[in-house]
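Text of input_22.cif, listed as mmCIF, C-alpha atoms and all ligand atoms:
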```cif
data_protein
loop_
_atom_site.label_atom_id
_atom_site.label_comp_id
_atom_site.auth_asym_id
_atom_site.auth_seq_id
_atom_site.Cartn_x
_atom_site.Cartn_y
_atom_site.Cartn_z
CA MET A 1242 -12.73 -22.85 -27.36
CA THR A 1243 -9.21 -21.38 -27.60
CA GLY A 1244 -7.75 -23.19 -24.66
CA HIS A 1245 -8.22 -25.38 -21.67
CA TYR A 1246 -6.10 -24.78 -18.56
CA ASP A 1247 -5.89 -26.01 -15.00
CA VAL A 1248 -5.80 -22.47 -13.68
CA ALA A 1249 -6.80 -19.11 -15.18
CA ILE A 1250 -5.47 -16.04 -13.38
CA ILE A 1251 -6.96 -12.61 -13.95
CA GLY A 1252 -4.25 -9.98 -13.51
CA GLY A 1253 -0.53 -10.24 -14.15
CA GLY A 1254 0.55 -8.04 -11.28
CA ALA A 1255 2.57 -9.00 -8.24
CA ALA A 1256 0.09 -11.51 -6.80
CA GLY A 1257 -0.99 -12.99 -10.15
CA LEU A 1258 2.55 -13.63 -11.37
CA MET A 1259 3.57 -15.21 -8.05
CA CYS A 1260 0.51 -17.46 -8.13
CA ALA A 1261 1.20 -18.38 -11.77
CA LEU A 1262 4.85 -19.34 -11.26
CA THR A 1263 4.01 -21.32 -8.11
CA ALA A 1264 1.21 -23.28 -9.80
CA GLY A 1265 3.29 -23.72 -12.97
CA GLN A 1266 6.17 -25.17 -10.96
CA ARG A 1267 3.71 -27.71 -9.59
CA GLY A 1268 3.02 -28.87 -13.13
CA LYS A 1269 -0.28 -27.03 -13.58
CA ARG A 1270 -1.24 -25.60 -16.96
CA VAL A 1271 -1.56 -21.90 -16.16
CA LEU A 1272 -3.00 -18.97 -18.09
CA VAL A 1273 -2.56 -15.34 -17.00
CA VAL A 1274 -4.85 -12.77 -18.60
CA ASP A 1275 -4.15 -9.04 -18.26
CA HIS A 1276 -5.87 -6.18 -20.02
CA ALA A 1277 -2.77 -3.97 -19.81
CA ASN A 1278 -0.19 -4.05 -22.59
CA ARG A 1279 2.42 -5.48 -20.22
CA VAL A 1280 2.44 -7.26 -16.89
CA GLY A 1281 3.71 -5.89 -13.59
CA LYS A 1282 3.17 -2.19 -14.30
CA LYS A 1283 2.80 -1.30 -10.63
CA ILE A 1284 5.94 -3.19 -9.78
CA LEU A 1285 7.76 -1.11 -12.40
CA MET A 1286 6.64 2.20 -10.89
CA SER A 1287 7.03 1.08 -7.28
CA GLY A 1288 9.63 2.35 -4.87
CA GLY A 1289 10.54 5.24 -7.17
CA GLY A 1290 11.53 2.72 -9.90
CA ARG A 1291 13.53 0.53 -7.51
CA CYS A 1292 10.69 -1.57 -6.06
CA ASN A 1293 10.59 -1.89 -2.30
CA PHE A 1294 9.91 -5.59 -2.82
CA THR A 1295 9.57 -6.72 0.80
CA ASN A 1296 10.11 -5.80 4.42
CA THR A 1297 12.21 -8.08 6.59
CA GLY A 1298 10.20 -7.04 9.66
CA THR A 1299 6.84 -8.15 8.22
CA THR A 1300 4.32 -9.28 10.84
CA PRO A 1301 0.51 -9.49 10.72
CA ALA A 1302 0.45 -6.28 12.79
CA ASN A 1303 1.60 -4.36 9.69
CA PHE A 1304 -1.72 -4.97 7.91
CA LEU A 1305 -5.21 -3.49 8.08
CA SER A 1306 -8.20 -5.78 7.58
CA ALA A 1307 -11.65 -6.25 9.10
CA ASN A 1308 -10.22 -9.61 10.23
CA PRO A 1309 -6.64 -8.95 11.42
CA HIS A 1310 -6.01 -12.72 11.77
CA PHE A 1311 -6.75 -13.56 8.13
CA CYS A 1312 -3.29 -12.70 6.76
CA LYS A 1313 -1.38 -14.75 9.37
CA SER A 1314 -1.35 -18.16 7.71
CA ALA A 1315 -0.19 -17.03 4.25
CA LEU A 1316 2.43 -14.65 5.67
CA ALA A 1317 3.82 -17.42 7.89
CA ARG A 1318 4.15 -19.85 5.00
CA TYR A 1319 5.75 -17.45 2.51
CA THR A 1320 8.07 -15.08 4.35
CA PRO A 1321 10.27 -12.22 3.12
CA TRP A 1322 13.18 -14.70 3.21
CA HIS A 1323 11.50 -16.92 0.61
CA PHE A 1324 11.22 -13.97 -1.75
CA ILE A 1325 14.78 -12.83 -0.97
CA GLU A 1326 15.99 -16.33 -1.86
CA MET A 1327 14.44 -15.96 -5.33
CA VAL A 1328 15.87 -12.43 -5.74
CA GLU A 1329 19.34 -13.71 -4.84
CA ARG A 1330 19.00 -16.73 -7.14
CA HIS A 1331 18.38 -14.26 -9.98
CA ARG A 1332 21.43 -12.25 -8.88
CA ILE A 1333 19.43 -9.06 -8.35
CA ALA A 1334 21.41 -6.67 -6.19
CA TYR A 1335 19.44 -5.06 -3.38
CA HIS A 1336 19.90 -3.00 -0.24
CA GLU A 1337 18.03 -2.12 2.94
CA LYS A 1338 17.00 1.52 2.92
CA GLU A 1339 15.53 1.84 6.42
CA LEU A 1340 13.27 -0.07 8.78
CA GLY A 1341 13.70 -3.42 7.01
CA GLN A 1342 12.67 -2.05 3.60
CA LEU A 1343 14.50 -3.87 0.78
CA PHE A 1344 14.94 -2.10 -2.58
CA CYS A 1345 16.63 -3.12 -5.85
CA ASP A 1346 19.99 -1.41 -6.36
CA ILE A 1347 19.30 -0.89 -10.06
CA SER A 1348 15.70 -1.16 -11.22
CA SER A 1349 12.28 -2.65 -10.51
CA LYS A 1350 12.39 -3.98 -14.08
CA LEU A 1351 14.59 -6.77 -12.71
CA ILE A 1352 11.82 -7.94 -10.37
CA VAL A 1353 9.30 -8.08 -13.23
CA LYS A 1354 11.85 -9.89 -15.42
CA MET A 1355 12.51 -12.39 -12.62
CA LEU A 1356 8.80 -13.17 -12.19
CA VAL A 1357 8.18 -13.42 -15.95
CA ASP A 1358 11.28 -15.63 -16.44
CA GLU A 1359 10.06 -17.92 -13.65
CA CYS A 1360 6.60 -18.04 -15.27
CA HIS A 1361 8.07 -18.90 -18.68
CA ALA A 1362 10.32 -21.58 -17.16
CA ALA A 1363 7.21 -23.08 -15.57
CA GLY A 1364 5.33 -23.04 -18.88
CA VAL A 1365 2.85 -20.32 -17.94
CA ARG A 1366 1.01 -18.64 -20.83
CA ILE A 1367 0.64 -14.88 -20.43
CA GLU A 1368 -1.94 -13.00 -22.52
CA THR A 1369 -1.56 -9.21 -22.34
CA SER A 1370 -3.83 -6.57 -23.95
CA CYS A 1371 -6.57 -9.12 -23.41
CA SER A 1372 -9.87 -7.80 -22.15
CA ILE A 1373 -12.38 -10.01 -20.44
CA GLU A 1374 -15.90 -9.63 -21.73
CA ARG A 1375 -17.66 -12.12 -19.50
CA ILE A 1376 -17.01 -14.95 -17.06
CA SER A 1377 -19.41 -17.80 -16.57
CA HIS A 1378 -19.37 -20.87 -14.39
CA GLY A 1379 -21.06 -24.19 -15.13
CA GLU A 1380 -23.08 -26.19 -12.65
CA GLY A 1381 -21.84 -29.13 -10.55
CA GLU A 1382 -18.75 -30.21 -8.62
CA ASN A 1383 -16.19 -30.16 -11.42
CA ALA A 1384 -17.63 -27.26 -13.37
CA SER A 1385 -15.20 -25.02 -15.20
CA PHE A 1386 -14.99 -21.26 -15.33
CA ARG A 1387 -15.28 -19.91 -18.87
CA LEU A 1388 -13.54 -16.67 -19.75
CA HIS A 1389 -14.83 -14.91 -22.84
CA THR A 1390 -12.07 -12.52 -23.87
CA SER A 1391 -10.90 -10.40 -26.77
CA HIS A 1392 -8.40 -13.21 -27.48
CA GLY A 1393 -10.99 -15.96 -27.54
CA ALA A 1394 -12.54 -18.24 -24.94
CA PHE A 1395 -10.65 -20.08 -22.20
CA ALA A 1396 -11.80 -22.62 -19.67
CA ALA A 1397 -10.33 -23.73 -16.35
CA PRO A 1398 -11.64 -25.43 -13.22
CA ALA A 1399 -9.76 -22.89 -11.06
CA LEU A 1400 -10.07 -19.12 -11.42
CA VAL A 1401 -7.79 -16.81 -9.47
CA VAL A 1402 -8.76 -13.15 -9.23
CA ALA A 1403 -5.60 -11.04 -8.90
CA SER A 1404 -6.83 -7.85 -10.51
CA GLY A 1405 -5.62 -5.52 -7.74
CA GLY A 1406 -7.29 -2.44 -6.29
CA LEU A 1407 -8.45 0.91 -7.60
CA SER A 1408 -5.31 2.98 -7.11
CA ILE A 1409 -3.68 4.57 -10.16
CA PRO A 1410 -6.35 3.88 -12.82
CA SER A 1411 -3.88 5.05 -15.49
CA MET A 1412 -1.78 1.92 -14.71
CA GLY A 1413 -4.63 -0.49 -15.50
CA ALA A 1414 -6.38 -0.52 -12.11
CA SER A 1415 -10.04 -1.45 -12.34
CA GLY A 1416 -12.91 -2.47 -10.09
CA PHE A 1417 -13.21 -5.72 -12.04
CA GLY A 1418 -12.27 -7.98 -9.13
CA TYR A 1419 -14.90 -6.44 -6.88
CA GLU A 1420 -17.59 -6.82 -9.55
CA LEU A 1421 -16.61 -10.43 -10.11
CA ALA A 1422 -16.71 -11.08 -6.36
CA ARG A 1423 -20.24 -9.69 -6.23
CA GLN A 1424 -21.22 -11.72 -9.30
CA PHE A 1425 -20.32 -14.87 -7.35
CA GLY A 1426 -22.13 -13.72 -4.20
CA HIS A 1427 -19.14 -12.43 -2.22
CA ALA A 1428 -19.42 -9.39 0.05
CA VAL A 1429 -17.10 -6.50 -0.77
CA LEU A 1430 -16.21 -4.19 2.09
CA PRO A 1431 -16.24 -0.45 1.31
CA THR A 1432 -13.09 0.64 -0.50
CA ARG A 1433 -11.09 3.85 -0.06
CA ALA A 1434 -7.68 5.19 -0.96
CA GLY A 1435 -4.82 4.31 1.41
CA LEU A 1436 -1.18 5.40 1.66
CA VAL A 1437 -2.27 8.67 0.10
CA PRO A 1438 -1.43 12.37 0.60
CA LEU A 1439 -4.01 14.31 2.62
CA THR A 1440 -5.53 17.57 1.44
CA LEU A 1441 -6.26 20.71 3.43
CA SER A 1442 -8.85 23.32 2.58
CA GLY A 1443 -9.80 26.92 3.43
CA LYS A 1444 -7.62 28.69 5.96
CA HIS A 1445 -5.80 25.46 6.82
CA GLN A 1446 -4.53 25.22 3.28
CA GLU A 1447 -3.80 28.96 2.93
CA ARG A 1448 -1.66 28.92 6.08
CA LEU A 1449 0.68 26.26 4.72
CA ALA A 1450 0.45 26.34 0.92
CA ASP A 1451 3.45 28.64 0.40
CA LEU A 1452 5.60 26.26 2.49
CA SER A 1453 5.20 23.60 -0.20
CA GLY A 1454 8.38 21.51 -0.32
CA VAL A 1455 9.24 21.95 3.37
CA ALA A 1456 9.83 18.61 5.12
CA LEU A 1457 10.24 17.83 8.83
CA PRO A 1458 10.16 14.78 11.08
CA VAL A 1459 6.88 14.33 12.97
CA THR A 1460 4.91 11.67 14.76
CA ALA A 1461 1.48 11.51 13.17
CA SER A 1462 -1.31 9.99 15.29
CA CYS A 1463 -4.91 9.06 14.54
CA ASN A 1464 -7.37 6.52 15.91
CA GLY A 1465 -4.81 4.94 18.24
CA GLN A 1466 -2.04 4.53 15.61
CA SER A 1467 1.16 6.57 15.40
CA PHE A 1468 3.92 6.78 12.79
CA SER A 1469 7.19 8.68 13.16
CA ASN A 1470 8.85 9.78 9.95
CA PHE A 1471 9.00 12.80 7.64
CA MET A 1472 6.06 14.99 6.71
CA LEU A 1473 6.16 17.00 3.51
CA VAL A 1474 4.07 20.12 2.95
CA THR A 1475 2.54 20.11 -0.55
CA HIS A 1476 0.59 22.70 -2.55
CA ARG A 1477 -2.69 21.10 -1.62
CA GLY A 1478 -1.92 19.58 1.79
CA ILE A 1479 0.54 17.20 3.41
CA SER A 1480 2.39 14.08 2.34
CA GLY A 1481 5.61 12.23 3.18
CA PRO A 1482 5.94 8.78 4.77
CA SER A 1483 4.40 9.61 8.16
CA ILE A 1484 1.32 11.11 6.49
CA LEU A 1485 0.96 8.32 3.91
CA GLN A 1486 1.08 5.79 6.75
CA ILE A 1487 -1.46 7.55 8.95
CA SER A 1488 -3.77 8.23 5.96
CA SER A 1489 -4.77 4.54 6.02
CA TYR A 1490 -6.12 5.04 9.54
CA TRP A 1491 -7.77 8.43 8.88
CA GLN A 1492 -11.19 9.24 7.51
CA PRO A 1493 -12.79 12.67 7.03
CA GLY A 1494 -13.77 14.11 10.39
CA ASP A 1495 -11.22 12.07 12.36
CA ASP A 1496 -8.84 13.83 14.74
CA LEU A 1497 -5.32 13.93 13.32
CA ARG A 1498 -2.49 15.05 15.62
CA LEU A 1499 1.13 15.77 14.85
CA ASP A 1500 3.99 15.82 17.32
CA LEU A 1501 6.37 18.38 15.85
CA LEU A 1502 9.19 17.48 18.27
CA PRO A 1503 9.09 13.69 17.92
CA GLY A 1504 11.04 11.79 20.53
CA ARG A 1505 11.40 14.88 22.76
CA ASP A 1506 9.42 16.14 25.73
CA ALA A 1507 8.27 19.55 24.43
CA LEU A 1508 7.89 21.14 27.88
CA GLU A 1509 11.34 19.99 28.96
CA ALA A 1510 12.83 21.37 25.72
CA LEU A 1511 11.13 24.74 26.22
CA GLN A 1512 12.31 24.97 29.83
CA GLN A 1513 15.82 24.09 28.79
CA TRP A 1514 15.81 26.84 26.13
CA GLN A 1515 14.36 29.29 28.67
CA HIS A 1516 17.21 28.45 31.01
CA GLU A 1517 20.01 28.49 28.45
CA ARG A 1518 18.82 31.16 25.98
CA PRO A 1519 16.34 33.40 27.79
CA ALA A 1520 16.58 36.29 25.31
CA ALA A 1521 16.03 34.19 22.19
CA GLU A 1522 12.60 34.41 20.58
CA LEU A 1523 10.46 31.28 20.38
CA LYS A 1524 10.64 31.20 16.56
CA THR A 1525 14.45 31.34 16.74
CA VAL A 1526 14.85 28.35 19.05
CA LEU A 1527 12.21 26.36 17.19
CA GLY A 1528 13.92 27.26 13.90
CA GLU A 1529 16.98 25.41 15.15
CA VAL A 1530 15.12 22.10 15.54
CA MET A 1531 12.79 22.33 12.54
CA PRO A 1532 12.84 24.19 9.19
CA LYS A 1533 13.04 27.94 9.90
CA ARG A 1534 10.13 28.84 7.61
CA PHE A 1535 7.93 26.28 9.31
CA ALA A 1536 8.90 27.54 12.79
CA GLN A 1537 8.16 31.10 11.71
CA ARG A 1538 4.71 30.15 10.37
CA LEU A 1539 3.92 28.26 13.58
CA CYS A 1540 4.74 31.41 15.54
CA GLU A 1541 2.62 33.59 13.24
CA VAL A 1542 -0.50 31.45 13.35
CA TRP A 1543 -0.51 28.91 16.17
CA LEU A 1544 1.96 30.15 18.80
CA PRO A 1545 2.81 33.51 20.40
CA ASN A 1546 6.28 34.78 19.51
CA ARG A 1547 8.31 36.57 22.17
CA PRO A 1548 11.66 36.17 23.92
CA ILE A 1549 11.32 32.85 25.62
CA LYS A 1550 12.04 34.29 29.09
CA GLN A 1551 8.70 36.14 28.93
CA PHE A 1552 6.60 32.97 29.08
CA ASN A 1553 5.41 31.73 32.48
CA LEU A 1554 4.97 28.01 33.20
CA PRO A 1555 1.27 27.76 32.22
CA GLN A 1556 2.09 29.51 28.93
CA LEU A 1557 5.01 27.15 28.31
CA ARG A 1558 2.64 24.24 28.96
CA GLU A 1559 0.22 25.58 26.35
CA ILE A 1560 3.02 25.98 23.82
CA ALA A 1561 4.28 22.48 24.59
CA ASP A 1562 0.79 21.13 24.05
CA VAL A 1563 0.55 22.75 20.59
CA LEU A 1564 4.02 21.44 19.65
CA SER A 1565 3.34 17.88 20.71
CA ASN A 1566 -0.33 17.73 19.70
CA TRP A 1567 -0.56 19.99 16.70
CA PRO A 1568 -4.11 19.63 15.37
CA LEU A 1569 -4.21 19.74 11.62
CA VAL A 1570 -7.64 19.60 10.02
CA ALA A 1571 -7.35 17.54 6.85
CA SER A 1572 -10.32 17.84 4.51
CA GLY A 1573 -9.79 14.77 2.37
CA SER A 1574 -7.23 12.74 0.47
CA GLU A 1575 -5.78 12.94 -3.03
CA GLY A 1576 -7.78 9.80 -3.80
CA TYR A 1577 -7.03 6.86 -6.07
CA ARG A 1578 -5.15 9.03 -8.57
CA THR A 1579 -2.08 9.01 -6.32
CA ALA A 1580 -2.88 6.40 -3.64
CA GLU A 1581 -0.48 3.47 -3.32
CA VAL A 1582 -3.19 1.07 -2.23
CA THR A 1583 -6.91 0.45 -1.84
CA LEU A 1584 -8.27 -0.29 1.61
CA GLY A 1585 -11.23 -2.63 1.96
CA GLY A 1586 -12.19 -5.08 -0.79
CA VAL A 1587 -13.31 -8.70 -0.94
CA ASP A 1588 -14.46 -9.70 2.55
CA THR A 1589 -12.10 -12.29 4.04
CA ASP A 1590 -14.97 -13.91 5.99
CA GLU A 1591 -15.84 -16.07 3.00
CA LEU A 1592 -12.27 -16.95 1.99
CA SER A 1593 -9.99 -19.67 3.33
CA SER A 1594 -6.98 -18.01 4.97
CA SER A 1595 -4.70 -20.91 4.03
CA THR A 1596 -5.64 -21.23 0.34
CA MET A 1597 -7.48 -17.97 -0.50
CA GLN A 1598 -10.25 -20.10 -1.96
CA SER A 1599 -13.86 -18.96 -1.85
CA ARG A 1600 -16.07 -20.77 0.63
CA ARG A 1601 -19.03 -20.02 -1.63
CA VAL A 1602 -17.72 -21.12 -5.04
CA PRO A 1603 -15.25 -24.02 -5.16
CA GLY A 1604 -12.34 -23.27 -7.52
CA LEU A 1605 -12.61 -19.49 -7.15
CA TYR A 1606 -9.69 -17.69 -5.43
CA PHE A 1607 -8.94 -14.05 -4.54
CA ILE A 1608 -5.37 -12.83 -3.89
CA GLY A 1609 -3.39 -9.62 -3.47
CA GLU A 1610 -4.81 -6.16 -3.13
CA VAL A 1611 -8.36 -7.03 -4.24
CA VAL A 1612 -8.75 -8.77 -0.86
CA ASP A 1613 -9.49 -6.77 2.29
CA VAL A 1614 -5.86 -6.90 3.49
CA THR A 1615 -3.78 -3.73 3.19
CA GLY A 1616 -0.21 -3.26 4.33
CA TRP A 1617 1.66 -0.29 5.70
CA LEU A 1618 4.09 1.63 3.56
CA GLY A 1619 7.46 -0.11 3.28
CA GLY A 1620 7.28 -3.29 1.19
CA TYR A 1621 4.45 -4.91 3.13
CA ASN A 1622 1.95 -4.75 0.27
CA PHE A 1623 4.22 -6.68 -2.05
CA GLN A 1624 4.88 -9.21 0.70
CA TRP A 1625 1.12 -9.74 0.97
CA ALA A 1626 0.89 -10.11 -2.82
CA TRP A 1627 3.72 -12.71 -2.82
CA ALA A 1628 2.35 -14.59 0.21
CA SER A 1629 -1.29 -14.71 -0.89
CA GLY A 1630 -0.23 -15.53 -4.47
CA HIS A 1631 1.93 -18.37 -3.20
CA ALA A 1632 -0.87 -19.70 -0.96
CA ALA A 1633 -3.28 -19.89 -3.90
CA GLY A 1634 -0.57 -21.18 -6.26
CA MET A 1635 0.04 -24.12 -3.91
CA ALA A 1636 -3.68 -24.87 -3.62
CA VAL A 1637 -5.08 -24.63 -7.15
P1 LIG B 1 -1.53 -5.21 -9.16
O1 LIG B 1 -2.18 -3.88 -9.24
O2 LIG B 1 -0.07 -5.29 -9.03
O3 LIG B 1 -1.92 -6.08 -10.44
C1 LIG B 1 -3.23 -6.16 -10.91
C2 LIG B 1 -3.17 -6.53 -12.37
O4 LIG B 1 -4.49 -6.80 -12.81
C3 LIG B 1 -2.64 -5.41 -13.25
O5 LIG B 1 -1.63 -5.90 -14.07
C4 LIG B 1 -3.87 -4.95 -14.03
O6 LIG B 1 -3.54 -4.49 -15.34
C5 LIG B 1 -4.70 -6.21 -14.07
N1 LIG B 1 -6.12 -5.97 -14.23
C6 LIG B 1 -6.90 -5.10 -13.57
N2 LIG B 1 -8.14 -5.15 -14.04
C7 LIG B 1 -8.17 -6.09 -15.00
C8 LIG B 1 -9.17 -6.58 -15.87
N3 LIG B 1 -10.42 -6.11 -15.83
N4 LIG B 1 -8.84 -7.54 -16.77
C9 LIG B 1 -7.56 -8.01 -16.84
N5 LIG B 1 -6.57 -7.56 -16.06
C10 LIG B 1 -6.88 -6.63 -15.14
N6 LIG B 1 4.01 -1.84 -2.48
C11 LIG B 1 5.14 -2.26 -1.88
O7 LIG B 1 5.11 -3.24 -1.15
N7 LIG B 1 6.34 -1.61 -2.12
C12 LIG B 1 6.42 -0.53 -2.94
O8 LIG B 1 7.52 0.00 -3.19
C13 LIG B 1 5.23 -0.05 -3.53
N8 LIG B 1 5.24 1.07 -4.30
C14 LIG B 1 4.10 1.48 -4.93
C15 LIG B 1 4.13 2.63 -5.72
C16 LIG B 1 2.98 3.06 -6.37
C17 LIG B 1 3.00 4.31 -7.18
C18 LIG B 1 1.78 2.30 -6.24
C19 LIG B 1 0.53 2.70 -6.95
C20 LIG B 1 1.75 1.18 -5.44
C21 LIG B 1 2.90 0.76 -4.76
N9 LIG B 1 2.86 -0.37 -3.94
C22 LIG B 1 4.03 -0.75 -3.31
C23 LIG B 1 1.65 -1.19 -3.76
C24 LIG B 1 1.75 -2.41 -4.67
O9 LIG B 1 2.07 -1.99 -5.99
C25 LIG B 1 0.43 -3.18 -4.69
O10 LIG B 1 0.00 -3.44 -3.38
C26 LIG B 1 0.60 -4.49 -5.46
O11 LIG B 1 1.00 -4.22 -6.78
C27 LIG B 1 -0.70 -5.29 -5.46
O12 LIG B 1 -0.49 -6.43 -6.23
P2 LIG B 1 -1.71 -7.11 -7.01
O13 LIG B 1 -1.10 -8.17 -7.85
O14 LIG B 1 -2.79 -7.43 -6.09
O15 LIG B 1 -2.26 -5.95 -7.95
#
```
File written out as structure tokens:
Amino acid sequence: MTGHYDVAIIGGGAAGLMCALTAGQRGKRVLVVDHANRVGKKILMSGGGRCNFTNTGTTPANFLSANPHFCKSALARYTPWHFIEMVERHRIAYHEKELGQLFCDISSKLIVKMLVDECHAAGVRIETSCSIERISHGEGENASFRLHTSHGAFAAPALVVASGGLSIPSMGASGFGYELARQFGHAVLPTRAGLVPLTLSGKHQERLADLSGVALPVTASCNGQSFSNFMLVTHRGISGPSILQISSYWQPGDDLRLDLLPGRDALEALQQWQHERPAAELKTVLGEVMPKRFAQRLCEVWLPNRPIKQFNLPQLREIADVLSNWPLVASGSEGYRTAEVTLGGVDTDELSSSTMQSRRVPGLYFIGEVVDVTGWLGGYNFQWAWASGHAAGMAV
């Protein structure tokens, strides 16, 4: 046996490091095992290298889960302000970009350094480039978990699974946590890519592909959810914050609608243009409120283009309907290769919402993205990682 610990944590990402430093500060002997060559790789690449580390407006409503109540307890006990306090204590400069999203001024490396420094100060041992061959669990009340790894064998009475989701396999993502959950009898809800660009196919793609790079504000709606922000046309489909957000609510076959004049009544706008600029063509007036090339394409494919005075009221109504309810048929998503998160995961039904401990196997915990709790775009996923990691770190 190479080592005996109070807590073994699988995964040195956001949730695992937070759990480790919290447990370490409580005097626990903590081991973190990660198969990647360094910890916190997703933190490093997050927020365009500046890590959108939390959102000051975090509420349970910003998360998707089969049980929307599950995240409440952990989020209430470890708030964005707790994390901000640590960031400030480490003198990391940050700013609010928009909508409560906090980013580092300089680099996400500082967030990883802060977490690792806190872990070291708390005596946490971190084993990187360490692959886990097998995990076993003895019988009885005080049985330990045994980790058989490429760095030897470790034993601990508490095992925390913080191995993340399936997004960005090149960054070390693996389905390990789901397999382990199943090994111990836990249900895993179907997983799929979230916060991901959507793809178009056939004529839908052909009509927009050459507009790749064009961005415009929209309100994207699907299955009762709406997000207002920019949409970006890509070579293969659509992206940008509004699309990434709505992608978590969309599945193939679902009706996706885009309001191309967000915040405006389209019919009123058309009538105003008809009154003020009767001789102007539709594509000209639209080209003044959205990118010209996009307005032109709309008027080639989806809308009739004539001087605006030539439209009667029913025709204006039809145009308004297309503008405020533009139906775009997405064929799929770019998948885990580019997704920011994985939806679904370890079913929360068999986890304690206050400690993240398994109700099936005492001493087993699941935290972070591997659990069926997924945040919106904007720092919410890290806040869940911090909060769930803290909850388990206080309980182990
Ligand atoms: P995380 O993925 O961070 O960590 C899991 C760890 O487990 C990894 O270190 C991995 O190597 C390790 N591991 C996996 N399998 C293993 C195995 N078999 N054995 C040992 N170790 C194993 N969120 C946000 O709030 N703000 C943001 O700005 C961004 N930006 C962003 C950009 C990009 C490109 C991506 C892909 C994602 C984001 N996110 C984000 C989402 C955020 O990164 C994510 O939700 C958290 O990192 C999840 O934290 P976890 O600790 O659960 O998993």
Shell around Leu1388 in chain A at 6 Å using all atoms listed in the file, local window under 6 positions removed, as a compact mmCIF listing (two decimals) with C-alpha atoms, in the frame of the given file:
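Result written to selection_26.txt:
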```
# COMPACT_ATOMS: atom_id res chain seq x y z
CA ILE A 1376 -17.01 -14.95 -17.06
CA ALA A 1394 -12.54 -18.24 -24.94
CA PHE A 1395 -10.65 -20.08 -22.20
```
Q) Any idea what's packed within 7 Å of range 1482-1498 of chain A, counting only C-alpha atoms, ignoring anything in its chain fewer than 5 positions away? Could you give it as a list of chain:residue names? A)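 So, after excluding close chain neighbours, the residues are A:Gly1435, A:Leu1436, A:Val1437, A:Pro1438, A:Leu1439, A:Thr1460, A:Ala1461, A:Ser1462, A:Cys1463, A:Asn1464, A:Phe1468, A:Ser1469, A:Asn1470, A:Phe1471, A:Met1472, A:Asn1566, A:Trp1567, A:Pro1568, A:Leu1569, A:Val1570, A:Ser1572, A:Gly1573, A:Trp1617, A:Leu1618.
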Q. Counting only C-alpha atoms, what is within 7 Å of Val1401 in chain A, bar same-chain residues fewer than 6 positions away, as JSON, numbers by chain?
A. {"A": [1249, 1250, 1251, 1605, 1606, 1607]}
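Checking A:Arg1558, A:Lys1350, A:Arg1538, A:His1378 one by one against Leu1508 in chain A, counting only C-alpha atoms, you find the shortest gap at A:Arg1558.
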Q: Can you work out which one of A:Glu1326, A:Glu1368, A:Glu1359, A:Asp1562 has the shortest atom-to-atom distance to ligand LIG 1 (chain B), counting all atoms listed in the file?
A: A:Glu1368
Q) Of the candidates A:Thr1525, A:Ser1408, A:Asn1308, A:Gln1515, which shows the shortest atom-to-atom distance to ligand LIG 1 (chain B), using all atoms listed in the file? A)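 Ranked by minimum distance to ligand LIG 1 (chain B), first place goes to A:Ser1408.
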Q | Who sits within 9 Å of Asp1346 in chain A, only C-alpha atoms, same chain under 3 positions skipped, as number ranges by chain | A | A: 1291, 1333-1336, 1349
Q) If you measure from CA of Cys1360 in chain A to CA of Gly1268 in chain A, what distance in Å do you get, rounded to one decimal? A)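 If I compute the distance from CA of Cys1360 in chain A to CA of Gly1268 in chain A, I get 11.6 Å.
Using only C-alpha atoms, the contacts of Gly1379 in chain A at a cut-off of 12 Å, with sequence neighbours closer than 6 positions omitted, comprise Ser1385, Phe1386, Arg1387, Leu1388, Ala1396, Ala1397, Pro1398, Val1602, Pro1603 and Gly1604 of chain A.
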Q. Nearest to ligand LIG 1 (chain B): which of A:Ala1255, A:Ala1399, A:Val1542, A:Val1273 is it, counting all atoms listed in the file?
A.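 Going through A:Ala1255, A:Ala1399, A:Val1542, A:Val1273 one by one, the smallest distance to ligand LIG 1 (chain B) is for A:Ala1255.
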**Q.** Pick from A:Ala1521, A:Ala1626, A:Val1637, A:Ile1479, whichever lies nearest to ligand LIG 1 (chain B) using all atoms listed in the file
**A.**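 Nearest candidate to ligand LIG 1 (chain B) out of A:Ala1521, A:Ala1626, A:Val1637, A:Ile1479: A:Ala1626.
Here CA of His1476 in chain A is placed at a distance of 14.4 Å from CA of Phe1535 in chain A.
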Q: Can you work out which one of A:Lys1282, A:Arg1578, A:Arg1330, A:Arg1547 has the shortest atom-to-atom distance to Gly1413 in chain A, counting all atoms listed in the file?
A: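 Going through A:Lys1282, A:Arg1578, A:Arg1330, A:Arg1547 one by one, the smallest distance to Gly1413 in chain A is for A:Lys1282.
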To box range 1468-1484 of chain A, take all atoms listed in the file, fit an axis-aligned box, add 5 Å on each side, and give centre and edge lengths in Å to one decimal, as AutoDock Vina command-line options.
```
--center_x 3.2 --center_y 14.7 --center_z 5.3 --size_x 21.7 --size_y 25.9 --size_z 25.7
```
Q: Can you work out the spacing between CA of Gly1393 in chain A and CA of Asp1247 in chain A in Å, to one decimal?
A: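 Pair CA of Gly1393 in chain A / CA of Asp1247 in chain A returns 16.9 Å.
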